[in-house]
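Shown next: structure.cif, given as mmCIF, C-alpha atoms and all ligand atoms.
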```
data_upload
loop_
_atom_site.label_atom_id
_atom_site.label_comp_id
_atom_site.auth_asym_id
_atom_site.auth_seq_id
_atom_site.Cartn_x
_atom_site.Cartn_y
_atom_site.Cartn_z
CA MET A 1 103.87 118.71 72.29
CA LYS A 2 102.75 122.01 70.87
CA GLN A 3 101.90 124.55 73.51
CA SER A 4 99.12 125.99 71.36
CA GLN A 5 97.31 122.67 71.80
CA LEU A 6 97.72 122.47 75.55
CA PHE A 7 94.29 123.18 77.00
CA THR A 8 95.75 124.60 80.18
CA LYS A 9 96.97 128.18 80.21
CA THR A 10 99.38 129.73 82.66
CA GLU A 11 98.05 132.24 85.13
CA ARG A 12 99.70 135.37 86.44
CA PHE A 13 98.30 135.10 89.93
CA ALA A 14 97.75 132.17 92.23
CA PRO A 15 94.31 131.52 93.72
CA LYS A 16 93.92 133.48 96.96
CA ASP A 17 93.20 130.39 99.04
CA GLU A 18 96.44 128.60 98.15
CA GLU A 19 98.94 129.28 100.92
CA THR A 20 101.91 127.16 99.85
CA LYS A 21 104.45 127.66 97.10
CA ASN A 22 103.84 124.20 95.65
CA ALA A 23 100.11 124.79 95.21
CA GLN A 24 100.59 128.34 93.96
CA LEU A 25 103.19 127.46 91.34
CA LEU A 26 101.61 124.19 90.22
CA THR A 27 98.30 125.97 89.74
CA ARG A 28 99.75 129.01 87.97
CA ALA A 29 101.84 126.83 85.65
CA GLY A 30 98.86 124.62 84.80
CA PHE A 31 99.99 121.37 86.45
CA ALA A 32 97.22 120.97 89.00
CA GLU A 33 94.03 122.58 90.18
CA LYS A 34 92.22 122.27 93.45
CA LEU A 35 88.71 120.81 93.40
CA MET A 36 88.28 121.29 97.16
CA ALA A 37 90.60 121.36 100.16
CA GLY A 38 93.02 118.43 99.90
CA VAL A 39 91.71 117.20 96.53
CA TYR A 40 93.37 118.13 93.24
CA ASN A 41 92.90 117.67 89.51
CA TYR A 42 96.09 116.64 87.71
CA LEU A 43 96.33 118.42 84.37
CA PRO A 44 98.44 117.24 81.40
CA LEU A 45 101.78 118.66 82.58
CA GLY A 46 101.13 117.59 86.17
CA LEU A 47 100.15 114.07 85.19
CA ILE A 48 103.27 113.57 83.06
CA THR A 49 105.37 114.66 86.04
CA LEU A 50 103.47 112.46 88.48
CA ARG A 51 103.95 109.49 86.14
CA LYS A 52 107.69 110.14 85.97
CA ILE A 53 107.97 110.05 89.75
CA GLU A 54 105.82 106.92 89.75
CA ARG A 55 108.07 105.25 87.19
CA ILE A 56 111.22 105.83 89.24
CA VAL A 57 109.53 104.44 92.35
CA ARG A 58 108.26 101.41 90.40
CA GLU A 59 111.69 100.65 88.91
CA GLU A 60 113.33 100.61 92.33
CA MET A 61 110.55 98.53 93.89
CA ASN A 62 110.84 95.97 91.10
CA ARG A 63 114.62 95.93 91.53
CA ILE A 64 114.32 94.74 95.15
CA GLY A 65 111.85 92.04 94.21
CA GLY A 66 108.52 93.81 94.66
CA GLN A 67 105.57 92.37 92.72
CA GLU A 68 103.08 94.99 91.61
CA ILE A 69 99.36 94.45 92.18
CA LEU A 70 96.34 96.73 92.26
CA MET A 71 93.92 96.47 95.14
CA PRO A 72 90.49 98.11 95.42
CA MET A 73 90.00 101.48 97.07
CA LEU A 74 86.53 100.50 98.30
CA HIS A 75 86.76 98.09 101.23
CA PRO A 76 84.23 96.07 103.21
CA LYS A 77 83.69 97.23 106.80
CA GLU A 78 84.29 93.70 108.09
CA ASN A 79 88.01 93.70 107.25
CA TRP A 80 88.47 96.95 109.14
CA GLN A 81 86.54 95.59 112.11
CA THR A 82 88.79 92.53 112.19
CA THR A 83 91.84 94.71 112.83
CA GLY A 84 90.11 97.29 115.04
CA GLY A 85 90.77 100.04 112.51
CA TRP A 86 87.08 100.75 111.92
CA ASP A 87 86.80 102.33 115.39
CA LYS A 88 90.38 103.40 116.03
CA ILE A 89 91.62 105.10 112.89
CA ASP A 90 90.39 108.67 112.95
CA VAL A 91 91.30 109.46 109.33
CA LEU A 92 89.33 106.51 107.90
CA PHE A 93 86.63 107.65 105.49
CA LYS A 94 83.43 105.63 105.96
CA ILE A 95 80.66 105.31 103.40
CA LYS A 96 77.11 104.03 103.67
CA SER A 97 75.42 102.54 100.63
CA ARG A 98 71.74 102.97 99.81
CA THR A 99 71.16 99.47 101.19
CA GLU A 100 72.70 100.60 104.48
CA LYS A 101 75.90 98.63 104.02
CA ASP A 102 79.11 100.17 105.38
CA TYR A 103 82.34 100.54 103.45
CA ALA A 104 85.72 102.14 104.05
CA LEU A 105 87.93 103.98 101.59
CA GLY A 106 91.50 102.67 101.68
CA GLN A 107 93.81 104.85 103.79
CA SER A 108 96.40 102.02 103.83
CA GLU A 109 95.75 98.44 102.78
CA GLU A 110 96.91 95.92 105.40
CA GLU A 111 93.23 94.97 105.79
CA VAL A 112 93.05 93.86 102.16
CA VAL A 113 96.56 92.64 101.47
CA THR A 114 96.91 90.36 104.50
CA PRO A 115 94.05 87.97 103.64
CA LEU A 116 94.83 88.32 99.92
CA VAL A 117 98.43 87.17 100.32
CA MET A 118 98.27 84.88 103.33
CA ARG A 119 95.58 82.66 101.83
CA ARG A 120 98.15 81.81 99.15
CA LEU A 121 101.14 81.18 101.40
CA GLN A 122 101.25 77.78 102.92
CA THR A 123 104.73 77.13 104.23
CA TYR A 124 107.89 78.96 105.22
CA LYS A 125 109.17 78.15 101.73
CA ASP A 126 106.73 80.66 100.26
CA LEU A 127 108.33 83.49 102.26
CA PRO A 128 109.56 86.18 102.09
CA LEU A 129 107.17 87.95 99.74
CA TYR A 130 106.95 91.60 98.77
CA VAL A 131 103.91 93.06 97.01
CA TYR A 132 103.16 96.68 96.28
CA GLN A 133 100.74 98.96 94.51
CA ILE A 134 100.69 102.55 93.34
CA HIS A 135 97.26 103.91 93.94
CA TRP A 136 95.01 106.56 95.48
CA LYS A 137 94.54 106.79 99.22
CA PHE A 138 91.84 108.59 101.14
CA ARG A 139 92.27 110.15 104.55
CA ASP A 140 89.96 112.41 106.49
CA GLU A 141 92.78 114.81 107.38
CA LEU A 142 91.72 117.70 109.61
CA ARG A 143 94.07 120.20 108.04
CA ALA A 144 94.59 120.16 104.29
CA LYS A 145 96.21 123.49 103.53
CA SER A 146 99.64 122.41 102.35
CA GLY A 147 98.75 121.88 98.71
CA LEU A 148 99.92 118.50 97.45
CA LEU A 149 101.81 117.89 100.69
CA ARG A 150 98.65 116.91 102.53
CA GLY A 151 95.73 115.63 100.55
CA ARG A 152 92.47 114.03 101.58
CA GLU A 153 92.90 112.04 98.37
CA PHE A 154 96.51 111.41 97.41
CA PHE A 155 98.72 109.11 95.37
CA MET A 156 100.88 106.63 97.27
CA LYS A 157 103.13 103.67 96.70
CA ASP A 158 102.46 101.11 99.39
CA MET A 159 104.47 97.92 99.66
CA TYR A 160 103.84 95.08 102.13
CA SER A 161 106.41 92.46 103.06
CA PHE A 162 105.84 89.07 104.68
CA HIS A 163 108.64 87.31 106.60
CA VAL A 164 109.20 84.13 108.57
CA ASP A 165 110.70 86.09 111.47
CA GLN A 166 111.93 89.42 112.78
CA ALA A 167 115.51 88.85 111.62
CA ASP A 168 114.33 88.44 108.04
CA PHE A 169 112.32 91.67 108.25
CA ASP A 170 115.36 93.51 109.65
CA LYS A 171 117.46 92.24 106.77
CA PHE A 172 114.92 93.39 104.20
CA TYR A 173 114.41 96.75 105.89
CA GLU A 174 118.05 97.59 105.15
CA ILE A 175 117.53 96.70 101.48
CA ALA A 176 114.33 98.75 101.30
CA LYS A 177 116.03 101.69 103.03
CA GLN A 178 118.78 101.76 100.41
CA ALA A 179 116.15 101.57 97.64
CA TYR A 180 114.28 104.47 99.23
CA LEU A 181 117.38 106.64 99.49
CA LYS A 182 118.16 105.85 95.87
CA ILE A 183 114.65 106.86 94.77
CA PHE A 184 114.89 110.23 96.50
CA THR A 185 118.34 110.86 95.03
CA ARG A 186 117.08 110.02 91.55
CA LEU A 187 114.28 112.54 92.09
CA GLY A 188 116.86 115.22 92.84
CA LEU A 189 116.16 115.27 96.59
CA THR A 190 118.22 114.58 99.69
CA ALA A 191 116.27 112.55 102.22
CA LYS A 192 117.27 111.73 105.77
CA ALA A 193 116.18 108.52 107.46
CA THR A 194 114.85 108.83 111.01
CA GLU A 195 113.81 106.22 113.50
CA ALA A 196 110.55 106.99 115.25
CA SER A 197 108.04 105.25 117.47
CA GLY A 198 105.11 103.10 116.35
CA GLY A 199 102.25 103.47 113.91
CA SER A 200 98.52 103.33 114.63
CA PHE A 201 98.69 100.24 116.81
CA SER A 202 102.04 98.69 117.41
CA GLN A 203 104.65 100.01 119.78
CA LYS A 204 107.09 98.79 117.16
CA ILE A 205 109.55 101.00 115.46
CA SER A 206 108.84 103.00 112.34
CA TYR A 207 111.31 104.66 110.03
CA GLU A 208 110.64 107.96 108.32
CA PHE A 209 112.31 109.54 105.32
CA MET A 210 112.47 113.30 105.61
CA VAL A 211 113.25 116.09 103.19
CA LEU A 212 114.20 119.42 104.74
CA THR A 213 111.72 122.13 103.74
CA ASP A 214 109.97 124.92 105.59
CA ALA A 215 106.71 123.78 104.00
CA GLY A 216 106.93 120.46 105.86
CA GLU A 217 104.87 119.72 108.94
CA ASP A 218 107.49 117.76 110.90
CA ASP A 219 110.20 119.09 113.19
CA ILE A 220 113.42 117.13 113.05
CA LEU A 221 116.86 117.22 114.63
CA TYR A 222 119.71 116.26 112.35
CA CYS A 223 123.49 116.10 112.65
CA ASP A 224 125.41 118.64 110.59
CA GLN A 225 128.23 116.09 110.06
CA CYS A 226 126.70 112.62 109.65
CA VAL A 227 123.39 110.96 108.66
CA PHE A 228 121.87 110.97 112.17
CA CYS A 229 118.32 112.32 112.19
CA VAL A 230 115.37 112.06 114.62
CA ASN A 231 111.82 113.36 114.70
CA GLN A 232 111.66 116.05 117.39
CA GLU A 233 108.35 114.57 118.66
CA ILE A 234 110.13 111.62 120.21
CA ALA A 235 113.65 112.79 120.49
CA LYS A 236 115.63 112.41 123.70
CA GLN A 237 118.12 114.90 122.27
CA LYS A 238 117.97 118.69 122.08
CA GLU A 239 119.06 121.23 119.52
CA GLY A 240 122.72 122.21 119.84
CA GLU A 241 123.74 119.01 121.64
CA PRO A 242 126.57 116.92 120.23
CA CYS A 243 125.48 114.15 117.84
CA PRO A 244 124.98 110.85 119.71
CA GLN A 245 126.12 108.90 116.64
CA CYS A 246 129.31 110.47 115.30
CA LYS A 247 130.06 112.56 118.44
CA LYS A 248 131.60 115.20 116.18
CA GLY A 249 128.68 117.10 114.71
CA LYS A 250 126.04 119.28 116.35
CA LEU A 251 122.30 118.68 116.25
CA ARG A 252 120.38 121.21 114.19
CA ARG A 253 116.68 121.76 114.11
CA ALA A 254 114.70 121.99 110.87
CA LYS A 255 111.25 121.69 109.35
CA ALA A 256 110.83 118.66 107.12
CA ALA A 257 108.29 116.81 105.00
CA GLU A 258 107.93 113.06 105.40
CA VAL A 259 108.18 111.58 101.91
CA GLY A 260 108.33 107.94 102.90
CA ASN A 261 107.74 105.70 105.86
CA VAL A 262 108.39 102.09 106.87
CA PHE A 263 106.40 100.39 109.61
CA ASP A 264 107.45 97.21 111.31
CA LEU A 265 103.97 95.68 111.73
CA GLY A 266 105.11 92.65 113.71
CA GLN A 267 102.63 89.75 113.68
CA LYS A 268 99.54 91.89 114.29
CA TYR A 269 97.81 91.44 110.96
CA GLY A 270 98.49 87.73 110.57
CA LYS A 271 97.07 87.21 114.05
CA ASP A 272 94.04 89.46 113.49
CA PHE A 273 93.01 87.46 110.43
CA ASP A 274 94.33 84.23 111.94
CA LEU A 275 96.24 83.49 108.78
CA GLY A 276 99.63 81.86 109.17
CA PHE A 277 102.12 79.52 107.51
CA LYS A 278 103.67 76.22 108.47
CA ASP A 279 107.26 76.35 109.74
CA LYS A 280 109.96 73.68 109.23
CA ASP A 281 108.32 71.47 111.87
CA GLY A 282 104.85 71.88 110.39
CA VAL A 283 103.80 74.20 113.22
CA LYS A 284 101.58 77.20 112.40
CA GLN A 285 103.32 80.58 112.70
CA TYR A 286 102.22 84.12 111.98
CA PRO A 287 104.25 86.18 109.52
CA VAL A 288 106.18 89.28 110.54
CA MET A 289 105.00 92.03 108.21
CA GLY A 290 106.36 95.37 107.07
CA CYS A 291 104.58 98.26 105.36
CA TYR A 292 106.48 100.72 103.15
CA GLY A 293 104.87 103.93 101.93
CA ILE A 294 106.04 106.65 99.59
CA GLY A 295 103.88 109.73 99.05
CA ILE A 296 104.07 110.16 95.29
CA SER A 297 101.79 113.20 95.00
CA ARG A 298 103.40 114.68 98.13
CA LEU A 299 106.78 114.26 96.39
CA LEU A 300 105.51 116.31 93.46
CA GLY A 301 104.75 119.11 95.91
CA VAL A 302 108.03 118.70 97.82
CA ILE A 303 110.07 118.92 94.63
CA VAL A 304 108.39 122.24 93.81
CA GLU A 305 108.98 123.51 97.36
CA LYS A 306 112.68 122.69 96.99
CA CYS A 307 113.16 123.61 93.34
CA HIS A 308 111.83 127.05 92.44
CA ASP A 309 112.80 130.71 92.31
CA ASP A 310 110.68 133.86 92.20
CA LYS A 311 109.89 133.28 88.52
CA GLY A 312 108.66 129.72 88.74
CA ILE A 313 109.52 126.05 89.02
CA ILE A 314 112.97 124.59 88.26
CA TRP A 315 112.30 120.90 87.53
CA PRO A 316 115.04 118.33 88.14
CA GLU A 317 115.65 116.66 84.79
CA ALA A 318 114.50 113.22 85.93
CA VAL A 319 110.92 114.36 86.53
CA ALA A 320 110.46 117.39 84.26
CA PRO A 321 107.41 116.88 82.04
CA PHE A 322 109.60 117.74 79.03
CA LYS A 323 113.35 118.18 78.80
CA VAL A 324 113.25 121.13 76.41
CA HIS A 325 111.09 124.22 76.03
CA LEU A 326 111.45 125.40 72.44
CA LEU A 327 110.41 129.00 71.87
CA SER A 328 109.85 130.44 68.46
CA LEU A 329 109.96 134.22 68.62
CA ASP A 330 109.63 135.11 64.97
CA GLN A 331 111.03 132.12 63.08
CA ASP A 332 108.29 129.51 62.98
CA LYS A 333 109.68 127.65 60.00
CA ALA A 334 113.13 127.10 61.51
CA ALA A 335 111.61 126.30 64.88
CA GLU A 336 109.17 123.78 63.41
CA LYS A 337 112.08 121.92 61.82
CA ILE A 338 114.03 121.83 65.09
CA TYR A 339 110.88 120.61 66.85
CA HIS A 340 110.57 117.65 64.48
CA ASP A 341 114.29 116.87 64.75
CA LEU A 342 114.02 116.79 68.54
CA LEU A 343 110.99 114.48 68.34
CA LYS A 344 112.75 112.20 65.89
CA ASN A 345 115.59 111.87 68.37
CA ASN A 346 113.26 111.12 71.28
CA ILE A 347 114.02 114.36 73.07
CA GLU A 348 110.92 115.41 74.99
CA VAL A 349 109.98 118.90 73.93
CA LEU A 350 107.27 121.44 74.58
CA TYR A 351 107.14 123.76 71.57
CA ASP A 352 105.82 127.24 72.20
CA ASP A 353 104.32 127.90 68.79
CA ARG A 354 101.71 130.34 70.10
CA ARG A 355 101.12 133.80 68.73
CA ALA A 356 102.30 135.54 71.86
CA SER A 357 104.85 138.20 72.69
CA PRO A 358 108.47 137.20 73.47
CA GLY A 359 107.94 138.52 76.99
CA GLU A 360 104.97 136.22 77.53
CA LYS A 361 106.87 133.23 76.17
CA PHE A 362 109.91 133.86 78.38
CA ALA A 363 107.74 134.33 81.47
CA ASP A 364 105.87 131.09 80.77
CA ALA A 365 109.11 129.17 80.19
CA ASP A 366 110.39 130.35 83.58
CA LEU A 367 107.09 129.54 85.29
CA ILE A 368 106.72 126.05 83.78
CA GLY A 369 110.39 125.42 84.54
CA LEU A 370 111.63 122.89 81.97
CA PRO A 371 115.39 122.17 82.22
CA TYR A 372 116.50 123.64 78.85
CA ARG A 373 115.12 126.66 77.02
CA LEU A 374 115.84 126.88 73.29
CA VAL A 375 115.05 130.19 71.62
CA VAL A 376 114.83 130.52 67.85
CA SER A 377 114.75 134.10 66.62
CA ALA A 378 116.04 136.20 63.76
CA LYS A 379 118.73 137.38 66.17
CA SER A 380 119.81 133.87 67.19
CA LEU A 381 119.91 132.69 63.58
CA LYS A 382 122.03 135.68 62.68
CA SER A 383 124.48 134.70 65.44
CA GLY A 384 124.70 131.26 63.89
CA GLY A 385 122.03 129.14 65.54
CA VAL A 386 119.74 128.80 68.53
CA GLU A 387 120.05 130.31 71.99
CA ILE A 388 120.17 127.70 74.74
CA LYS A 389 119.82 128.36 78.46
CA LYS A 390 119.50 126.11 81.47
CA ARG A 391 116.58 126.97 83.77
CA GLY A 392 117.96 128.44 86.96
CA GLU A 393 121.10 129.76 85.30
CA ASN A 394 121.57 133.21 83.80
CA GLN A 395 124.16 132.41 81.14
CA SER A 396 122.87 131.51 77.70
CA LYS A 397 124.86 130.52 74.63
CA ILE A 398 124.37 130.12 70.91
CA VAL A 399 124.51 126.58 69.61
CA LYS A 400 124.66 125.68 65.94
CA ILE A 401 121.46 124.02 64.75
CA LYS A 402 123.33 120.89 63.67
CA ASP A 403 124.84 120.52 67.18
CA ILE A 404 121.63 120.89 69.19
CA ILE A 405 120.62 117.24 69.20
CA GLU A 406 124.05 115.93 70.18
CA GLY A 407 124.35 118.59 72.86
CA LEU A 408 121.01 117.72 74.43
CA LYS A 409 121.64 114.00 74.32
P1 LIG A 501 102.03 112.15 108.06
O1 LIG A 501 102.75 112.03 109.38
O2 LIG A 501 102.61 113.20 107.17
O3 LIG A 501 100.54 112.26 108.23
P2 LIG A 501 101.82 109.32 107.85
O4 LIG A 501 102.77 108.85 108.89
O5 LIG A 501 100.38 109.34 108.18
O6 LIG A 501 102.30 110.77 107.32
P3 LIG A 501 101.98 106.97 106.15
O7 LIG A 501 100.71 106.42 106.64
O8 LIG A 501 103.21 106.28 106.51
O9 LIG A 501 102.09 108.54 106.50
O10 LIG A 501 101.92 107.11 104.56
C1 LIG A 501 103.04 106.89 103.71
C2 LIG A 501 103.44 108.16 102.99
O11 LIG A 501 102.34 108.75 102.32
C3 LIG A 501 103.96 109.27 103.91
O12 LIG A 501 105.32 109.09 104.19
C4 LIG A 501 103.70 110.50 103.08
O13 LIG A 501 104.76 110.72 102.17
C5 LIG A 501 102.45 110.15 102.32
N1 LIG A 501 101.26 110.75 102.94
C6 LIG A 501 100.69 110.44 104.12
N2 LIG A 501 99.58 111.17 104.35
C7 LIG A 501 99.46 111.98 103.25
C8 LIG A 501 98.51 112.96 102.87
N3 LIG A 501 97.47 113.26 103.65
N4 LIG A 501 98.70 113.60 101.68
C9 LIG A 501 99.74 113.30 100.87
N5 LIG A 501 100.66 112.37 101.18
C10 LIG A 501 100.52 111.71 102.36
MG MG A 502 99.13 110.88 108.74
#
```

Target encoding structure tokens, full file:
Amino acid sequence: MKQSQLFTKTERFAPKDEETKNAQLLTRAGFAEKLMAGVYNYLPLGLITLRKIERIVREEMNRIGGQEILMPMLHPKENWQTTGGWDKIDVLFKIKSRTEKDYALGQSEEEVVTPLVMRRLQTYKDLPLYVYQIHWKFRDELRAKSGLLRGREFFMKDMYSFHVDQADFDKFYEIAKQAYLKIFTRLGLTAKATEASGGSFSQKISYEFMVLTDAGEDDILYCDQCVFCVNQEIAKQKEGEPCPQCKKGKLRRAKAAEVGNVFDLGQKYGKDFDLGFKDKDGVKQYPVMGCYGIGISRLLGVIVEKCHDDKGIIWPEAVAPFKVHLLSLDQDKAAEKIYHDLLKNNIEVLYDDRRASPGEKFADADLIGLPYRLVVSAKSLKSGGVEIKKRGENQSKIVKIKDIIEGLK
């Protein structure tokens, strides 16, 4: 894409009311813009990045057998009354129509997915089943000052699993956990899995996936030697104590952002809707269900919190909106040719073809944060090619024009 055609422009200063690095940098670099507290516009660069995160999540959900569906965001009140959520869930947005009918905006979708799926499952042979969607969620959050980390409207992957019994859920949880850890690794993040107490209703266990960052709203204790990690809210342990799991490490305290969550829902939803399946003996049973969330828009914010310096964002390659930022300083003809060669070879490139000073172009490249910066100038051509530099590193080198494509591949 040519930068001259991008309708967003970078900005030197962040809006005064943005307190977090993720919101400041994403706004300045032209990825996102706040409409009101907790609600953001996704601009071209931001949407490409969001879609890349989404694609990684989708691939891993499909790999463990998830079937993708798309459920409505507008829900009838009745479903939420059936589960008690209408009165009990404080973040539920409620809407009244002009004919005085009540609706809810989806904050999670057990109320829709349970009847949708269970009406189609007749016997134990139809189980287990895993369905998921990637969609907007609405929550009436009291505090929405963390940029993309806490939205009132946000993008989430939510999967729901249906099992014949607890043992089958436990088995699948392990598979889902590995898929989750793989997703976060692919995104360039290190996530720790915690075990915490129940969700909105059940006293059942829930599992959280945490990324260490000072911008996060959770306090965790983690072992400096093994994978042990707990949410401070419920922890029996204290900072500095020996790790209860490996007995070798010490527990450290840190701020973290929850990027994913798994709830063991038990049989609550099947029972609420009175929808079950027939077991081997033809007796009606209620399914054990699990709910698996990943905050996709929150992840976009968390990646920026983890990957930036004082000049701008440093995108991990897997989610960068483009792999290469090509800057033409004074050699548009040579640069144009390289741009087309990159495109021909399917290398994603943002081409800064604007009439702007070298200083402006360098500053923008640092702010936008694409993994590789290619500079074409009279000076670089004289040295035999194009200057290439990795974002986040200081060292640059000259690469011959004919070697650029192979090098980037
Ligand atoms: P939190 O404790 O941060 O409020 P939660 O326990 O309410 O999270 P879930 O209901 O499990 O979260 O939602 C699944 C995932 O969606 C979370 O792990 C998180 O990554 C993301 N998420 C939850 N609430 C928000 C929000 N308000 N804005 C952005 N992402 C969110
Ligand atoms: Mg919450």

Just to confirm, what's the straight-line distance from atom CA of Glu208 of chain A to atom CA of Pro287 of chain A in Å (one decimal)?
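Those two atoms sit 22.7 Å apart.
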
Using only C-alpha atoms and all ligand atoms, determine which residues fall within 10 Å of ligand MG 502 (chain A), then list them as a PyMOL selection string.
chain A and resi 90-91+107+139-141+150+199-200+258

Mind dumping a table of every chain A residue within 7 Å of ligand LIG 501 (chain A), with the nearest atom pair and its distance in Å to one decimal, using only C-alpha atoms and all ligand atoms, sorted by chain and rising number, as a Markdown table?
```
| residue | atom | partner | partner_atom | distance |
| --- | --- | --- | --- | --- |
| A:Ser108 | CA | A:LIG501 | O7 | 6.8 |
| A:Arg139 | CA | A:LIG501 | N3 | 6.1 |
| A:Glu141 | CA | A:LIG501 | N3 | 6.2 |
| A:Leu148 | CA | A:LIG501 | C9 | 6.2 |
| A:Leu149 | CA | A:LIG501 | C9 | 5.0 |
| A:Arg150 | CA | A:LIG501 | N4 | 3.4 |
| A:Gly151 | CA | A:LIG501 | N4 | 3.8 |
| A:Arg152 | CA | A:LIG501 | N3 | 5.5 |
| A:Glu153 | CA | A:LIG501 | N4 | 6.9 |
| A:Phe154 | CA | A:LIG501 | C9 | 5.1 |
| A:Phe155 | CA | A:LIG501 | N5 | 6.9 |
| A:Met156 | CA | A:LIG501 | O11 | 5.7 |
| A:Glu208 | CA | A:LIG501 | O12 | 6.8 |
| A:Glu258 | CA | A:LIG501 | O12 | 4.9 |
| A:Val259 | CA | A:LIG501 | O13 | 3.5 |
| A:Gly260 | CA | A:LIG501 | O12 | 3.5 |
| A:Asn261 | CA | A:LIG501 | O12 | 4.5 |
| A:Val262 | CA | A:LIG501 | O8 | 6.7 |
| A:Gly293 | CA | A:LIG501 | C1 | 3.9 |
| A:Ile294 | CA | A:LIG501 | C2 | 4.5 |
| A:Gly295 | CA | A:LIG501 | O13 | 3.4 |
| A:Ile296 | CA | A:LIG501 | O13 | 6.9 |
| A:Ser297 | CA | A:LIG501 | C9 | 6.2 |
| A:Arg298 | CA | A:LIG501 | N5 | 4.7 |
```

Nearby residues (all atoms listed in the file) at most 10 Å from segment 233-240 of chain A, same-chain spacing under 6 positions excluded, as a list of chain:residue names
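Skipping anything fewer than 6 positions along the chain leaves A:Glu195, A:Ala196, A:Ser197, A:Asp218, A:Asp219, A:Ile220, A:Leu221, A:Tyr222, A:Cys223, A:Gly249, A:Lys250, A:Leu251, A:Arg252, A:Arg253, A:Ala254.
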
Using all atoms listed in the file for the distances, tell me which of A:Phe209, A:Lys306, A:Val39, A:Val131 is nearest to Val117 of chain A.
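Among A:Phe209, A:Lys306, A:Val39, A:Val131, it is A:Val131 that comes nearest to Val117 of chain A.
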
From the list A:Lys278, A:Lys271, A:Lys21, A:Lys247, which residue is nearest Gly301 of chain A when using only C-alpha atoms?
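Between A:Lys278, A:Lys271, A:Lys21, A:Lys247, the residue approaching Gly301 of chain A most closely is A:Lys21.
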
Measuring between only C-alpha atoms, which one of A:Val376, A:Gly369, A:Gly384, A:Pro44 shows the shortest distance to Glu336 of chain A?
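Smallest separation from Glu336 of chain A among the options: A:Val376.
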
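Near Leu408 of chain A, within a cut-off of 12 Å and counting all atoms listed in the file, sit the residues Glu317, Lys323, Val324, His325, Asp341, Leu342, Asn345, Asn346, Ile347, Glu348, Val349, Pro371, Tyr372, Arg373, Leu374, Ile388, Lys389, Lys390, Val399, Ile401, Lys402 and Asp403 of chain A, with same-chain residues fewer than 5 positions away left out.
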
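Minimum atom-to-atom distance to Glu217 of chain A, evaluated using all atoms listed in the file, belongs to A:Ala257 out of A:Ala257, A:Ala104, A:Ile64, A:Leu116.
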
Which of these residues is nearest to Phe322 of chain A, using only C-alpha atoms: A:His163, A:Gly106, A:Gly66, A:Ile368?
A:Ile368

Which is closer to Asp353 of chain A than all the others in A:Gly30, A:Val227, A:Gln5, A:Ile134, using all atoms listed in the file?
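Of A:Gly30, A:Val227, A:Gln5, A:Ile134, the one nearest Asp353 of chain A, counting all atoms listed in the file, is A:Gln5.
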
Exercise: residues within 12 Å of coordinate (120.0, 134.4, 62.2), counting only C-alpha atoms, as a list of chain:residue names
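Residues lying no farther than 12 Å from the given point: A:Leu329, A:Asp330, A:Gln331, A:Ala334, A:Ala335, A:Val375, A:Val376, A:Ser377, A:Ala378, A:Lys379, A:Ser380, A:Leu381, A:Lys382, A:Ser383, A:Gly384, A:Gly385, A:Val386, A:Glu387, A:Ile398, A:Val399, A:Lys400, A:Ile401.
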
When you draw a straight line from atom CA of Arg143 of chain A to atom CA of Leu367 of chain A, how long is it in Å?
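Separating atom CA of Arg143 of chain A from atom CA of Leu367 of chain A is a distance of 27.8 Å.
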